[in-house]
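K.L.:
Input file: final-v7.cif. Contents: mmCIF, C-alpha atoms.
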data_protein
#
loop_
_atom_site.group_PDB
_atom_site.id
_atom_site.type_symbol
_atom_site.label_atom_id
_atom_site.label_comp_id
_atom_site.auth_asym_id
_atom_site.auth_seq_id
_atom_site.Cartn_x
_atom_site.Cartn_y
_atom_site.Cartn_z
ATOM 1 C CA MET A 29 223.959 72.165 -38.619
ATOM 2 C CA THR A 30 226.634 73.770 -36.448
ATOM 3 C CA LEU A 31 228.909 74.574 -39.377
ATOM 4 C CA LEU A 32 225.931 75.882 -41.338
ATOM 5 C CA ALA A 33 225.195 78.213 -38.410
ATOM 6 C CA TRP A 34 228.779 79.488 -38.585
ATOM 7 C CA CYS A 35 228.465 80.211 -42.320
ATOM 8 C CA VAL A 36 225.076 81.913 -42.019
ATOM 9 C CA ALA A 37 226.277 84.082 -39.126
ATOM 10 C CA TRP A 38 229.427 85.071 -41.012
ATOM 11 C CA MET A 39 227.409 85.961 -44.120
ATOM 12 C CA LEU A 40 224.976 88.042 -42.048
ATOM 13 C CA ASP A 41 227.891 89.984 -40.600
ATOM 14 C CA PHE A 42 229.397 90.433 -44.063
ATOM 15 C CA ILE A 43 226.127 91.698 -45.550
ATOM 16 C CA ILE A 44 224.402 93.731 -42.825
ATOM 17 C CA GLY A 45 226.778 94.054 -39.872
ATOM 18 C CA ASP A 46 225.293 95.561 -36.712
ATOM 19 C CA PRO A 47 222.197 97.699 -37.430
ATOM 20 C CA PRO A 48 222.361 100.673 -35.015
ATOM 21 C CA ARG A 49 219.011 100.132 -33.308
ATOM 22 C CA TRP A 50 219.133 96.368 -33.010
ATOM 23 C CA PRO A 51 219.600 94.906 -29.518
ATOM 24 C CA HIS A 52 223.228 93.880 -29.155
ATOM 25 C CA PRO A 53 224.823 91.798 -26.372
ATOM 26 C CA VAL A 54 227.946 93.992 -26.317
ATOM 27 C CA ARG A 55 225.789 96.916 -25.174
ATOM 28 C CA TRP A 56 224.350 94.747 -22.408
ATOM 29 C CA ILE A 57 227.829 93.597 -21.447
ATOM 30 C CA GLY A 58 228.954 97.229 -21.403
ATOM 31 C CA ASN A 59 226.082 98.145 -19.082
ATOM 32 C CA LEU A 60 227.022 95.272 -16.770
ATOM 33 C CA ILE A 61 230.649 96.437 -16.723
ATOM 34 C CA THR A 62 229.561 99.981 -15.866
ATOM 35 C CA LEU A 63 227.381 98.692 -13.022
ATOM 36 C CA THR A 64 229.998 96.352 -11.543
ATOM 37 C CA GLN A 65 232.728 98.985 -11.869
ATOM 38 C CA ARG A 66 230.550 101.461 -9.976
ATOM 39 C CA ILE A 67 230.038 98.917 -7.182
ATOM 40 C CA VAL A 68 233.759 98.103 -6.986
ATOM 41 C CA ARG A 69 234.738 101.770 -6.805
ATOM 42 C CA ARG A 70 232.159 102.405 -4.095
ATOM 43 C CA TYR A 71 233.635 99.805 -1.740
ATOM 44 C CA CYS A 72 237.280 99.557 -2.850
ATOM 45 C CA HIS A 73 239.631 102.520 -2.457
ATOM 46 C CA ARG A 74 243.196 101.311 -1.944
ATOM 47 C CA ASP A 75 245.179 99.801 -4.824
ATOM 48 C CA ARG A 76 245.107 96.265 -3.438
ATOM 49 C CA ALA A 77 241.351 96.378 -2.899
ATOM 50 C CA LEU A 78 240.811 97.850 -6.368
ATOM 51 C CA ARG A 79 242.939 95.111 -7.908
ATOM 52 C CA ILE A 80 240.903 92.404 -6.162
ATOM 53 C CA GLY A 81 237.688 94.211 -7.045
ATOM 54 C CA GLY A 82 238.794 94.391 -10.671
ATOM 55 C CA ALA A 83 239.395 90.632 -10.675
ATOM 56 C CA LEU A 84 235.945 90.007 -9.180
ATOM 57 C CA MET A 85 234.444 92.340 -11.764
ATOM 58 C CA TRP A 86 236.110 90.305 -14.530
ATOM 59 C CA LEU A 87 234.849 87.010 -13.086
ATOM 60 C CA THR A 88 231.336 88.381 -12.687
ATOM 61 C CA VAL A 89 231.031 89.833 -16.175
ATOM 62 C CA VAL A 90 232.675 86.956 -18.050
ATOM 63 C CA GLY A 91 231.026 84.268 -15.914
ATOM 64 C CA LEU A 92 227.534 85.739 -16.227
ATOM 65 C CA THR A 93 227.957 86.240 -19.968
ATOM 66 C CA TRP A 94 228.907 82.595 -20.485
ATOM 67 C CA LEU A 95 226.209 81.288 -18.121
ATOM 68 C CA LEU A 96 223.402 83.360 -19.628
ATOM 69 C CA SER A 97 224.494 82.516 -23.180
ATOM 70 C CA TRP A 98 224.640 78.793 -22.405
ATOM 71 C CA SER A 99 221.277 78.880 -20.596
ATOM 72 C CA VAL A 100 219.474 80.786 -23.355
ATOM 73 C CA LEU A 101 220.902 78.476 -26.016
ATOM 74 C CA LYS A 102 219.901 75.344 -24.089
ATOM 75 C CA LEU A 103 216.414 76.701 -23.377
ATOM 76 C CA ALA A 104 215.847 77.626 -27.014
ATOM 77 C CA ALA A 105 217.042 74.211 -28.217
ATOM 78 C CA SER A 106 214.765 72.458 -25.711
ATOM 79 C CA LEU A 107 211.748 74.344 -27.066
ATOM 80 C CA HIS A 108 212.548 73.521 -30.702
ATOM 81 C CA PRO A 109 215.764 72.508 -32.503
ATOM 82 C CA TRP A 110 215.297 75.207 -35.143
ATOM 83 C CA LEU A 111 214.814 77.851 -32.454
ATOM 84 C CA GLY A 112 218.055 76.705 -30.844
ATOM 85 C CA TRP A 113 219.785 76.894 -34.210
ATOM 86 C CA GLY A 114 218.449 80.397 -34.790
ATOM 87 C CA VAL A 115 219.664 81.572 -31.389
ATOM 88 C CA GLU A 116 223.082 80.063 -32.110
ATOM 89 C CA VAL A 117 223.250 81.944 -35.428
ATOM 90 C CA TRP A 118 222.250 85.185 -33.689
ATOM 91 C CA MET A 119 224.905 84.766 -30.979
ATOM 92 C CA ILE A 120 227.670 84.065 -33.492
ATOM 93 C CA PHE A 121 226.491 86.936 -35.686
ATOM 94 C CA THR A 122 226.700 89.360 -32.748
ATOM 95 C CA VAL A 123 230.277 88.433 -31.787
ATOM 96 C CA LEU A 124 231.602 89.103 -35.304
ATOM 97 C CA ALA A 125 232.509 92.692 -36.142
ATOM 98 C CA GLY A 126 233.862 92.629 -39.688
ATOM 99 C CA ARG A 127 231.184 94.769 -41.326
ATOM 100 C CA CYS A 128 231.163 97.226 -38.424
ATOM 101 C CA LEU A 129 234.945 97.603 -38.695
ATOM 102 C CA ALA A 130 234.796 98.033 -42.479
ATOM 103 C CA ASP A 131 232.021 100.631 -42.261
ATOM 104 C CA SER A 132 233.908 102.574 -39.582
ATOM 105 C CA ALA A 133 237.057 102.620 -41.719
ATOM 106 C CA ARG A 134 235.106 103.862 -44.736
ATOM 107 C CA GLU A 135 233.490 106.589 -42.620
ATOM 108 C CA VAL A 136 237.000 107.972 -42.137
ATOM 109 C CA GLU A 137 238.093 107.306 -45.718
ATOM 110 C CA ARG A 138 235.237 109.116 -47.490
ATOM 111 C CA PRO A 139 235.788 112.647 -46.103
ATOM 112 C CA LEU A 140 239.542 112.168 -46.414
ATOM 113 C CA ARG A 141 239.173 111.512 -50.144
ATOM 114 C CA ALA A 142 236.942 114.576 -50.408
ATOM 115 C CA GLY A 143 239.581 116.735 -48.714
ATOM 116 C CA ASP A 144 237.588 117.239 -45.502
ATOM 117 C CA VAL A 145 240.354 116.451 -43.013
ATOM 118 C CA THR A 146 238.399 117.906 -40.074
ATOM 119 C CA LEU A 147 235.465 115.520 -40.563
ATOM 120 C CA SER A 148 237.853 112.636 -41.150
ATOM 121 C CA ARG A 149 239.568 113.386 -37.824
ATOM 122 C CA GLU A 150 236.191 113.448 -36.088
ATOM 123 C CA LYS A 151 235.146 110.093 -37.563
ATOM 124 C CA LEU A 152 238.530 108.619 -36.638
ATOM 125 C CA SER A 153 238.121 109.720 -33.009
ATOM 126 C CA TRP A 154 235.149 107.347 -32.751
ATOM 127 C CA ILE A 155 237.280 104.252 -33.370
ATOM 128 C CA VAL A 156 240.731 105.011 -31.888
ATOM 129 C CA GLY A 157 242.016 106.035 -28.467
ATOM 130 C CA ARG A 158 244.649 108.487 -29.688
ATOM 131 C CA GLU A 159 244.038 112.206 -29.975
ATOM 132 C CA THR A 160 243.020 113.025 -33.538
ATOM 133 C CA SER A 161 242.474 116.801 -33.605
ATOM 134 C CA GLN A 162 245.898 117.597 -35.096
ATOM 135 C CA LEU A 163 246.481 114.534 -37.263
ATOM 136 C CA GLN A 164 247.548 115.004 -40.871
ATOM 137 C CA PRO A 165 246.176 112.833 -43.732
ATOM 138 C CA GLU A 166 249.176 110.471 -43.630
ATOM 139 C CA GLN A 167 248.697 109.948 -39.884
ATOM 140 C CA ILE A 168 244.968 109.364 -40.369
ATOM 141 C CA ASN A 169 245.657 106.728 -43.026
ATOM 142 C CA ARG A 170 248.127 105.049 -40.715
ATOM 143 C CA ALA A 171 245.676 105.045 -37.813
ATOM 144 C CA VAL A 172 242.912 103.456 -39.889
ATOM 145 C CA VAL A 173 245.167 100.720 -41.293
ATOM 146 C CA GLU A 174 246.458 99.956 -37.777
ATOM 147 C CA THR A 175 242.892 99.779 -36.458
ATOM 148 C CA VAL A 176 241.789 97.422 -39.223
ATOM 149 C CA ALA A 177 244.806 95.162 -38.651
ATOM 150 C CA GLU A 178 244.440 95.055 -34.868
ATOM 151 C CA ASN A 179 240.663 94.676 -34.776
ATOM 152 C CA THR A 180 240.632 91.893 -37.339
ATOM 153 C CA VAL A 181 242.040 89.797 -34.507
ATOM 154 C CA ASP A 182 239.637 90.670 -31.695
ATOM 155 C CA GLY A 183 236.664 91.347 -33.979
ATOM 156 C CA ILE A 184 236.802 88.252 -36.200
ATOM 157 C CA ILE A 185 239.671 85.783 -35.749
ATOM 158 C CA ALA A 186 239.513 85.477 -31.951
ATOM 159 C CA PRO A 187 235.699 85.064 -31.767
ATOM 160 C CA LEU A 188 235.913 82.316 -34.400
ATOM 161 C CA PHE A 189 238.762 80.683 -32.465
ATOM 162 C CA PHE A 190 236.735 80.555 -29.242
ATOM 163 C CA LEU A 191 233.691 79.445 -31.213
ATOM 164 C CA LEU A 192 235.763 76.428 -32.260
ATOM 165 C CA LEU A 193 236.880 75.744 -28.683
ATOM 166 C CA GLY A 194 233.568 76.115 -26.870
ATOM 167 C CA GLY A 195 230.730 77.038 -29.177
ATOM 168 C CA ALA A 196 228.658 80.209 -29.119
ATOM 169 C CA PRO A 197 228.667 80.607 -25.286
ATOM 170 C CA LEU A 198 232.481 80.692 -25.156
ATOM 171 C CA ALA A 199 232.593 83.099 -28.102
ATOM 172 C CA MET A 200 230.198 85.342 -26.163
ATOM 173 C CA ALA A 201 232.407 85.041 -23.072
ATOM 174 C CA TYR A 202 235.392 86.115 -25.182
ATOM 175 C CA LYS A 203 233.404 89.153 -26.293
ATOM 176 C CA ALA A 204 232.951 90.022 -22.618
ATOM 177 C CA VAL A 205 236.719 89.671 -22.076
ATOM 178 C CA ASN A 206 237.399 91.974 -25.005
ATOM 179 C CA THR A 207 234.770 94.516 -23.950
ATOM 180 C CA LEU A 208 236.246 94.643 -20.446
ATOM 181 C CA ASP A 209 239.644 95.438 -21.933
ATOM 182 C CA SER A 210 238.112 98.109 -24.182
ATOM 183 C CA MET A 211 236.396 99.809 -21.247
ATOM 184 C CA VAL A 212 238.837 99.468 -18.339
ATOM 185 C CA GLY A 213 242.075 97.945 -19.684
ATOM 186 C CA TYR A 214 244.022 101.207 -19.884
ATOM 187 C CA LYS A 215 247.324 102.316 -18.368
ATOM 188 C CA HIS A 216 245.742 105.691 -17.605
ATOM 189 C CA GLU A 217 245.704 106.401 -13.859
ATOM 190 C CA LYS A 218 241.925 106.034 -13.592
ATOM 191 C CA TYR A 219 241.995 102.429 -14.843
ATOM 192 C CA ARG A 220 245.566 101.330 -14.168
ATOM 193 C CA VAL A 221 244.684 99.276 -11.063
ATOM 194 C CA ILE A 222 241.045 98.302 -11.487
ATOM 195 C CA GLY A 223 241.620 97.295 -15.119
ATOM 196 C CA MET A 224 244.894 95.414 -14.659
ATOM 197 C CA VAL A 225 243.315 91.934 -14.581
ATOM 198 C CA SER A 226 241.072 92.736 -17.553
ATOM 199 C CA ALA A 227 244.043 93.941 -19.613
ATOM 200 C CA ARG A 228 246.250 90.966 -18.729
ATOM 201 C CA LEU A 229 243.578 88.348 -19.394
ATOM 202 C CA ASP A 230 242.658 89.970 -22.702
ATOM 203 C CA ASP A 231 246.321 89.557 -23.670
ATOM 204 C CA VAL A 232 246.109 85.877 -22.718
ATOM 205 C CA ALA A 233 242.870 85.359 -24.656
ATOM 206 C CA ASN A 234 244.290 86.947 -27.816
ATOM 207 C CA CYS A 235 247.671 85.209 -27.667
ATOM 208 C CA ILE A 236 246.935 82.394 -30.134
ATOM 209 C CA PRO A 237 244.544 84.350 -32.433
ATOM 210 C CA ALA A 238 247.111 87.157 -32.814
ATOM 211 C CA ARG A 239 249.801 84.717 -33.883
ATOM 212 C CA LEU A 240 247.420 83.003 -36.267
ATOM 213 C CA SER A 241 246.734 86.417 -37.819
ATOM 214 C CA TRP A 242 250.369 86.576 -38.921
ATOM 215 C CA LEU A 243 249.891 83.465 -41.053
ATOM 216 C CA LEU A 244 246.388 84.412 -42.193
ATOM 217 C CA PHE A 245 247.377 87.926 -43.270
ATOM 218 C CA SER A 246 250.453 86.573 -45.050
ATOM 219 C CA LEU A 247 248.351 84.087 -47.012
ATOM 220 C CA ALA A 248 245.729 86.772 -47.646
ATOM 221 C CA ALA A 249 248.445 89.086 -48.996
ATOM 222 C CA TRP A 250 249.531 86.397 -51.439
ATOM 223 C CA LEU A 251 245.925 85.796 -52.562
ATOM 224 C CA CYS A 252 245.358 89.557 -52.975
ATOM 225 C CA ARG A 253 248.615 89.843 -54.955
ATOM 226 C CA TYR A 254 250.221 92.071 -52.367
ATOM 227 C CA ASP A 255 253.606 91.292 -50.811
ATOM 228 C CA GLY A 256 252.982 87.929 -49.142
ATOM 229 C CA ALA A 257 256.678 87.334 -48.493
ATOM 230 C CA GLY A 258 256.946 90.807 -46.964
ATOM 231 C CA ALA A 259 253.963 90.129 -44.709
ATOM 232 C CA LEU A 260 255.573 86.916 -43.496
ATOM 233 C CA ARG A 261 259.009 88.480 -43.004
ATOM 234 C CA ILE A 262 257.984 91.806 -41.437
ATOM 235 C CA GLY A 263 255.281 90.109 -39.378
ATOM 236 C CA TRP A 264 257.922 87.926 -37.749
ATOM 237 C CA ARG A 265 260.644 90.568 -37.525
ATOM 238 C CA ASP A 266 258.489 93.262 -35.909
ATOM 239 C CA ARG A 267 256.168 91.019 -33.894
ATOM 240 C CA TYR A 268 257.261 92.565 -30.585
ATOM 241 C CA GLN A 269 257.447 96.210 -31.723
ATOM 242 C CA HIS A 270 254.495 97.161 -29.529
ATOM 243 C CA SER A 271 253.730 97.547 -25.824
ATOM 244 C CA SER A 272 251.043 94.891 -26.282
ATOM 245 C CA PRO A 273 252.325 91.313 -26.699
ATOM 246 C CA ASN A 274 249.738 90.725 -29.430
ATOM 247 C CA CYS A 275 249.045 93.851 -31.499
ATOM 248 C CA ALA A 276 252.245 93.901 -33.539
ATOM 249 C CA TRP A 277 251.651 90.436 -35.029
ATOM 250 C CA SER A 278 248.738 91.651 -37.146
ATOM 251 C CA GLU A 279 249.961 95.222 -37.648
ATOM 252 C CA ALA A 280 253.412 94.112 -38.794
ATOM 253 C CA SER A 281 251.916 91.555 -41.188
ATOM 254 C CA VAL A 282 249.678 94.173 -42.794
ATOM 255 C CA ALA A 283 252.548 96.689 -42.912
ATOM 256 C CA GLY A 284 254.709 94.119 -44.699
ATOM 257 C CA ALA A 285 251.914 93.196 -47.102
ATOM 258 C CA LEU A 286 251.334 96.829 -48.091
ATOM 259 C CA GLY A 287 254.955 97.995 -47.973
ATOM 260 C CA VAL A 288 254.206 100.825 -45.528
ATOM 261 C CA ARG A 289 255.275 101.835 -42.045
ATOM 262 C CA LEU A 290 252.852 101.809 -39.093
ATOM 263 C CA GLY A 291 253.177 102.736 -35.420
ATOM 264 C CA GLY A 292 255.312 105.673 -34.345
ATOM 265 C CA PRO A 293 254.571 108.471 -31.851
ATOM 266 C CA ASN A 294 250.990 109.359 -30.906
ATOM 267 C CA ASP A 295 249.192 111.360 -28.207
ATOM 268 C CA TYR A 296 246.974 109.571 -25.679
ATOM 269 C CA PHE A 297 245.075 111.345 -22.876
ATOM 270 C CA GLY A 298 247.235 114.425 -23.368
ATOM 271 C CA GLN A 299 250.522 112.510 -23.162
ATOM 272 C CA ARG A 300 253.006 111.775 -25.947
ATOM 273 C CA VAL A 301 253.619 108.055 -26.412
ATOM 274 C CA ASP A 302 256.639 107.128 -28.546
ATOM 275 C CA LYS A 303 255.707 103.777 -30.052
ATOM 276 C CA PRO A 304 258.261 101.871 -32.143
ATOM 277 C CA TRP A 305 257.881 101.963 -35.904
ATOM 278 C CA ILE A 306 256.526 98.803 -37.516
ATOM 279 C CA GLY A 307 257.396 97.802 -41.074
ATOM 280 C CA ASP A 308 259.581 99.374 -43.755
ATOM 281 C CA ALA A 309 258.612 102.541 -45.623
ATOM 282 C CA VAL A 310 258.887 101.009 -49.090
ATOM 283 C CA ARG A 311 256.483 103.782 -50.103
ATOM 284 C CA ASP A 312 254.420 106.474 -48.392
ATOM 285 C CA ILE A 313 251.110 105.371 -46.930
ATOM 286 C CA SER A 314 248.056 106.788 -48.724
ATOM 287 C CA VAL A 315 244.274 106.728 -48.567
ATOM 288 C CA GLU A 316 244.352 103.818 -51.052
ATOM 289 C CA ASP A 317 245.810 101.665 -48.292
ATOM 290 C CA ILE A 318 242.525 101.764 -46.377
ATOM 291 C CA PRO A 319 240.577 99.667 -48.940
ATOM 292 C CA ARG A 320 243.661 97.480 -49.354
ATOM 293 C CA ALA A 321 243.713 96.804 -45.608
ATOM 294 C CA LEU A 322 239.987 96.022 -45.684
ATOM 295 C CA ARG A 323 240.544 93.575 -48.542
ATOM 296 C CA LEU A 324 243.198 91.847 -46.455
ATOM 297 C CA MET A 325 240.794 91.781 -43.506
ATOM 298 C CA TRP A 326 238.011 90.073 -45.442
ATOM 299 C CA VAL A 327 240.285 87.526 -47.098
ATOM 300 C CA ALA A 328 242.074 86.715 -43.823
ATOM 301 C CA SER A 329 238.766 86.349 -41.974
ATOM 302 C CA THR A 330 237.390 84.065 -44.687
ATOM 303 C CA LEU A 331 240.509 81.926 -44.401
ATOM 304 C CA ALA A 332 240.045 81.834 -40.618
ATOM 305 C CA LEU A 333 236.430 80.705 -41.000
ATOM 306 C CA VAL A 334 237.377 77.929 -43.424
ATOM 307 C CA MET A 335 240.309 76.820 -41.248
ATOM 308 C CA PHE A 336 238.244 76.662 -38.054
ATOM 309 C CA MET A 337 235.352 74.910 -39.816
ATOM 310 C CA ALA A 338 237.766 72.276 -41.118
ATOM 311 C CA ALA A 339 239.241 71.889 -37.636
ATOM 312 C CA ARG A 340 235.748 71.483 -36.167
ATOM 313 C CA TYR A 341 234.860 68.811 -38.721
ATOM 314 C CA LEU A 342 238.114 66.900 -38.213
ATOM 315 C CA TRP A 343 237.831 67.242 -34.429
ATOM 316 C CA THR A 344 234.223 66.101 -34.019
ATOM 317 C CA GLY A 345 233.429 64.419 -37.318
ATOM 318 C CA MET A 346 230.169 66.387 -37.363
ATOM 319 C CA ALA A 347 229.020 69.271 -39.515
#
Would you encode the structure as structure tokens?

P.N.:
Amino acid sequence: MTLLAWCVAWMLDFIIGDPPRWPHPVRWIGNLITLTQRIVRRYCHRDRALRIGGALMWLTVVGLTWLLSWSVLKLAASLHPWLGWGVEVWMIFTVLAGRCLADSAREVERPLRAGDVTLSREKLSWIVGRETSQLQPEQINRAVVETVAENTVDGIIAPLFFLLLGGAPLAMAYKAVNTLDSMVGYKHEKYRVIGMVSARLDDVANCIPARLSWLLFSLAAWLCRYDGAGALRIGWRDRYQHSSPNCAWSEASVAGALGVRLGGPNDYFGQRVDKPWIGDAVRDISVEDIPRALRLMWVASTLALVMFMAARYLWTGMA
């Protein structure tokens, strides 16, 4: 029944994603982060106090997310096994973000194909942290492909990995870790101290999933008839060409698979950030690389699901 729940949840994400008006745990987690951050900032002013407060904020948000998820799942299962199964499916469904990521990428792609660069920039600003107002089509394409590559890890592969390790409650706790990093894990002065623990522990949580993405994207490239050897080679060669210890694993693999170059200089919060280039410019990146990157995402995530389901079966002997 557990593996069936995984499959049903994955299919729900593939088909319908996250309907805008549906209740979603990430929104609740975000509200909790906002509340705890407000409390920390009210009582902590010096760097040391903010750092400790940031650690307590992380423990509170992640701990409560796991505890509430575990409690709700246990309560539902105690009322009726099928209710418990349904709650498990819902939890797994909510931690997966494949359809949401694909839809967001297409929202940028459509106006770009129609020649509306201004609208494409606006749509892109909803999913990336860089400044988009002056980006040219090539830079927009690059940003979308990078986003798809990076978020395949924390939106699909990592949740499935923690689902394998600790079931739906641990997958939910990972989502809290990732949401904390998304909200406060910046090097910008406002978050540099209070978000330090959140940023570091997100790096730890994504360490293994990011490295698995290198292999998954390489195999996906071969199955999609892209450059599988290039994905494997560039993914390894450029794995540290990023300030994050994890991001370049997936980005370099996708760059190698598509034969394009990612990374490079970008503007964040009004400051120029000169990132290293990732990959080789075998050809110029184009809008066609957005659907190619999405194809890689879906194939790699399917491979991840199958791999983790097999591991679960071999580990426990139970479906």

K.L.:
Give as a VMD selection string the residues that the PyMOL selection byres ((chain A and resi 93-105) around 10) matches when applied to the coordinates above.

P.N.:
chain A and resid 53 56 to 57 60 87 to 92 106 to 116 119 195 to 205

K.L.:
Emit the selected residues as a compact mmCIF listing (two decimals), in the coordinates of the input, including C-alpha atoms.

P.N.:
# COMPACT_ATOMS: atom_id res chain seq x y z
CA PRO A 53 224.82 91.80 -26.37
CA TRP A 56 224.35 94.75 -22.41
CA ILE A 57 227.83 93.60 -21.45
CA LEU A 60 227.02 95.27 -16.77
CA LEU A 87 234.85 87.01 -13.09
CA THR A 88 231.34 88.38 -12.69
CA VAL A 89 231.03 89.83 -16.18
CA VAL A 90 232.68 86.96 -18.05
CA GLY A 91 231.03 84.27 -15.91
CA LEU A 92 227.53 85.74 -16.23
CA SER A 106 214.76 72.46 -25.71
CA LEU A 107 211.75 74.34 -27.07
CA HIS A 108 212.55 73.52 -30.70
CA PRO A 109 215.76 72.51 -32.50
CA TRP A 110 215.30 75.21 -35.14
CA LEU A 111 214.81 77.85 -32.45
CA GLY A 112 218.06 76.70 -30.84
CA TRP A 113 219.78 76.89 -34.21
CA GLY A 114 218.45 80.40 -34.79
CA VAL A 115 219.66 81.57 -31.39
CA GLU A 116 223.08 80.06 -32.11
CA MET A 119 224.90 84.77 -30.98
CA GLY A 195 230.73 77.04 -29.18
CA ALA A 196 228.66 80.21 -29.12
CA PRO A 197 228.67 80.61 -25.29
CA LEU A 198 232.48 80.69 -25.16
CA ALA A 199 232.59 83.10 -28.10
CA MET A 200 230.20 85.34 -26.16
CA ALA A 201 232.41 85.04 -23.07
CA TYR A 202 235.39 86.12 -25.18
CA LYS A 203 233.40 89.15 -26.29
CA ALA A 204 232.95 90.02 -22.62
CA VAL A 205 236.72 89.67 -22.08

K.L.:
I'd like a table as JSON lines: residues in region 130-222 of chain A with an atom no more than 12 Å from region 228-232 of chain A, each row giving the shortest atom pair and its distance in Å to one decimal, all atoms listed in the file counted, sorted by chain and rising residue number.

P.N.:
{"residue": "A:Val181", "atom": "CA", "partner": "A:Asp231", "partner_atom": "CA", "distance": 11.7}
{"residue": "A:Asp182", "atom": "CA", "partner": "A:Asp230", "partner_atom": "CA", "distance": 9.5}
{"residue": "A:Ala186", "atom": "CA", "partner": "A:Asp230", "partner_atom": "CA", "distance": 10.8}
{"residue": "A:Ala201", "atom": "CA", "partner": "A:Asp230", "partner_atom": "CA", "distance": 11.4}
{"residue": "A:Tyr202", "atom": "CA", "partner": "A:Asp230", "partner_atom": "CA", "distance": 8.6}
{"residue": "A:Lys203", "atom": "CA", "partner": "A:Asp230", "partner_atom": "CA", "distance": 10.0}
{"residue": "A:Ala204", "atom": "CA", "partner": "A:Asp230", "partner_atom": "CA", "distance": 9.7}
{"residue": "A:Val205", "atom": "CA", "partner": "A:Asp230", "partner_atom": "CA", "distance": 6.0}
{"residue": "A:Asn206", "atom": "CA", "partner": "A:Asp230", "partner_atom": "CA", "distance": 6.1}
{"residue": "A:Thr207", "atom": "CA", "partner": "A:Asp230", "partner_atom": "CA", "distance": 9.2}
{"residue": "A:Leu208", "atom": "CA", "partner": "A:Asp230", "partner_atom": "CA", "distance": 8.2}
{"residue": "A:Asp209", "atom": "CA", "partner": "A:Asp230", "partner_atom": "CA", "distance": 6.3}
{"residue": "A:Ser210", "atom": "CA", "partner": "A:Asp230", "partner_atom": "CA", "distance": 9.4}
{"residue": "A:Met211", "atom": "CA", "partner": "A:Asp230", "partner_atom": "CA", "distance": 11.8}
{"residue": "A:Val212", "atom": "CA", "partner": "A:Asp230", "partner_atom": "CA", "distance": 11.1}
{"residue": "A:Gly213", "atom": "CA", "partner": "A:Arg228", "partner_atom": "CA", "distance": 8.2}
{"residue": "A:Tyr214", "atom": "CA", "partner": "A:Arg228", "partner_atom": "CA", "distance": 10.5}
{"residue": "A:Lys215", "atom": "CA", "partner": "A:Arg228", "partner_atom": "CA", "distance": 11.4}
{"residue": "A:Arg220", "atom": "CA", "partner": "A:Arg228", "partner_atom": "CA", "distance": 11.3}
{"residue": "A:Val221", "atom": "CA", "partner": "A:Arg228", "partner_atom": "CA", "distance": 11.4}
{"residue": "A:Ile222", "atom": "CA", "partner": "A:Arg228", "partner_atom": "CA", "distance": 11.5}

K.L.:
Please measure the separation of CA of Leu140 (chain A) and CA of Leu324 (chain A), giving the value in Å to one decimal.

P.N.:
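Between CA of Leu140 (chain A) and CA of Leu324 (chain A) the gap works out to 20.6 Å.
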
K.L.:
Which residue is closest to Ala227 (chain A)? Choose from A:Ala332, A:Arg261, A:Leu63, A:Ser272 and count all atoms listed in the file.

P.N.:
A:Ser272

K.L.:
Give me, please, the distance in Å between CA of Val173 (chain A) and CA of Arg55 (chain A), quoted to one decimal.

P.N.:
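Atom-to-atom, CA of Val173 (chain A) to CA of Arg55 (chain A), that is 25.5 Å.
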
K.L.:
Find the spatial neighbours of region 252-256 of chain A, counting only C-alpha atoms, within a cut-off of 9 Å - ignore same-chain residues fewer than 6 positions away - and output them as a PyMOL selection string.

P.N.:
chain A and resi 245-246+281+284-287+320+323-324+327

K.L.:
What is the CA of Leu78 (chain A)-CA of Lys218 (chain A) distance in Å, reported with one decimal?

P.N.:
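Distance between the two atoms: 11.0 Å.
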
K.L.:
Can I get the residues of region 189-217 of chain A within 12 Å of region 335-343 of chain A, each with the closest pair of atoms and their distance in Å to one decimal, using only C-alpha atoms, sorted chain first then ascending number, as CSV?

P.N.:
residue,atom,partner,partner_atom,distance
A:Phe189,CA,A:Phe336,CA,6.9
A:Phe190,CA,A:Phe336,CA,9.8
A:Leu191,CA,A:Phe336,CA,8.7
A:Leu192,CA,A:Arg340,CA,6.3
A:Leu193,CA,A:Arg340,CA,8.7
A:Gly194,CA,A:Arg340,CA,10.6
A:Gly195,CA,A:Arg340,CA,10.2

K.L.:
Which of these residues is nearest to Leu163 (chain A), using all atoms listed in the file: A:Asp302, A:Asn294, A:Val334, A:Ala130?

P.N.:
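For Leu163 (chain A), the nearest of the given residues is A:Asn294.
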
K.L.:
Would you kindly translate the PyMOL selection byres ((chain A and resi 311) around 12) into the concrete residues it picks from this file, as a list in words?

P.N.:
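This file gives the following for the PyMOL selection byres ((chain A and resi 311) around 12): Glu166, Ala283, Gly284, Ala285, Leu286, Gly287, Val288, Arg289, Leu290, Gly307, Asp308, Ala309, Val310, Asp312, Ile313, Ser314 and Asp317 of chain A.
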
K.L.:
Check what the PyMOL selection byres ((chain A and resi 142-149) around 8) selects in the file above and give those residues as JSON, numbers by chain.

P.N.:
{"A": [135, 136, 137, 138, 139, 140, 141, 150, 151, 152, 153, 160, 161, 163, 164, 165, 168]}

K.L.:
Here is a test: counting all atoms listed in the file, which residue of A:Gln269, A:Thr175, A:Ser278, A:Thr64 is nearest to Gly81 (chain A)?

P.N.:
A:Thr64

K.L.:
From the set A:Ala259, A:Cys128, A:Ala171, A:Ile80, which residue has the shortest atom-to-atom contact distance to Pro48 (chain A), counting all atoms listed in the file?

P.N.:
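That would be A:Cys128, the residue with the smallest distance to Pro48 (chain A).
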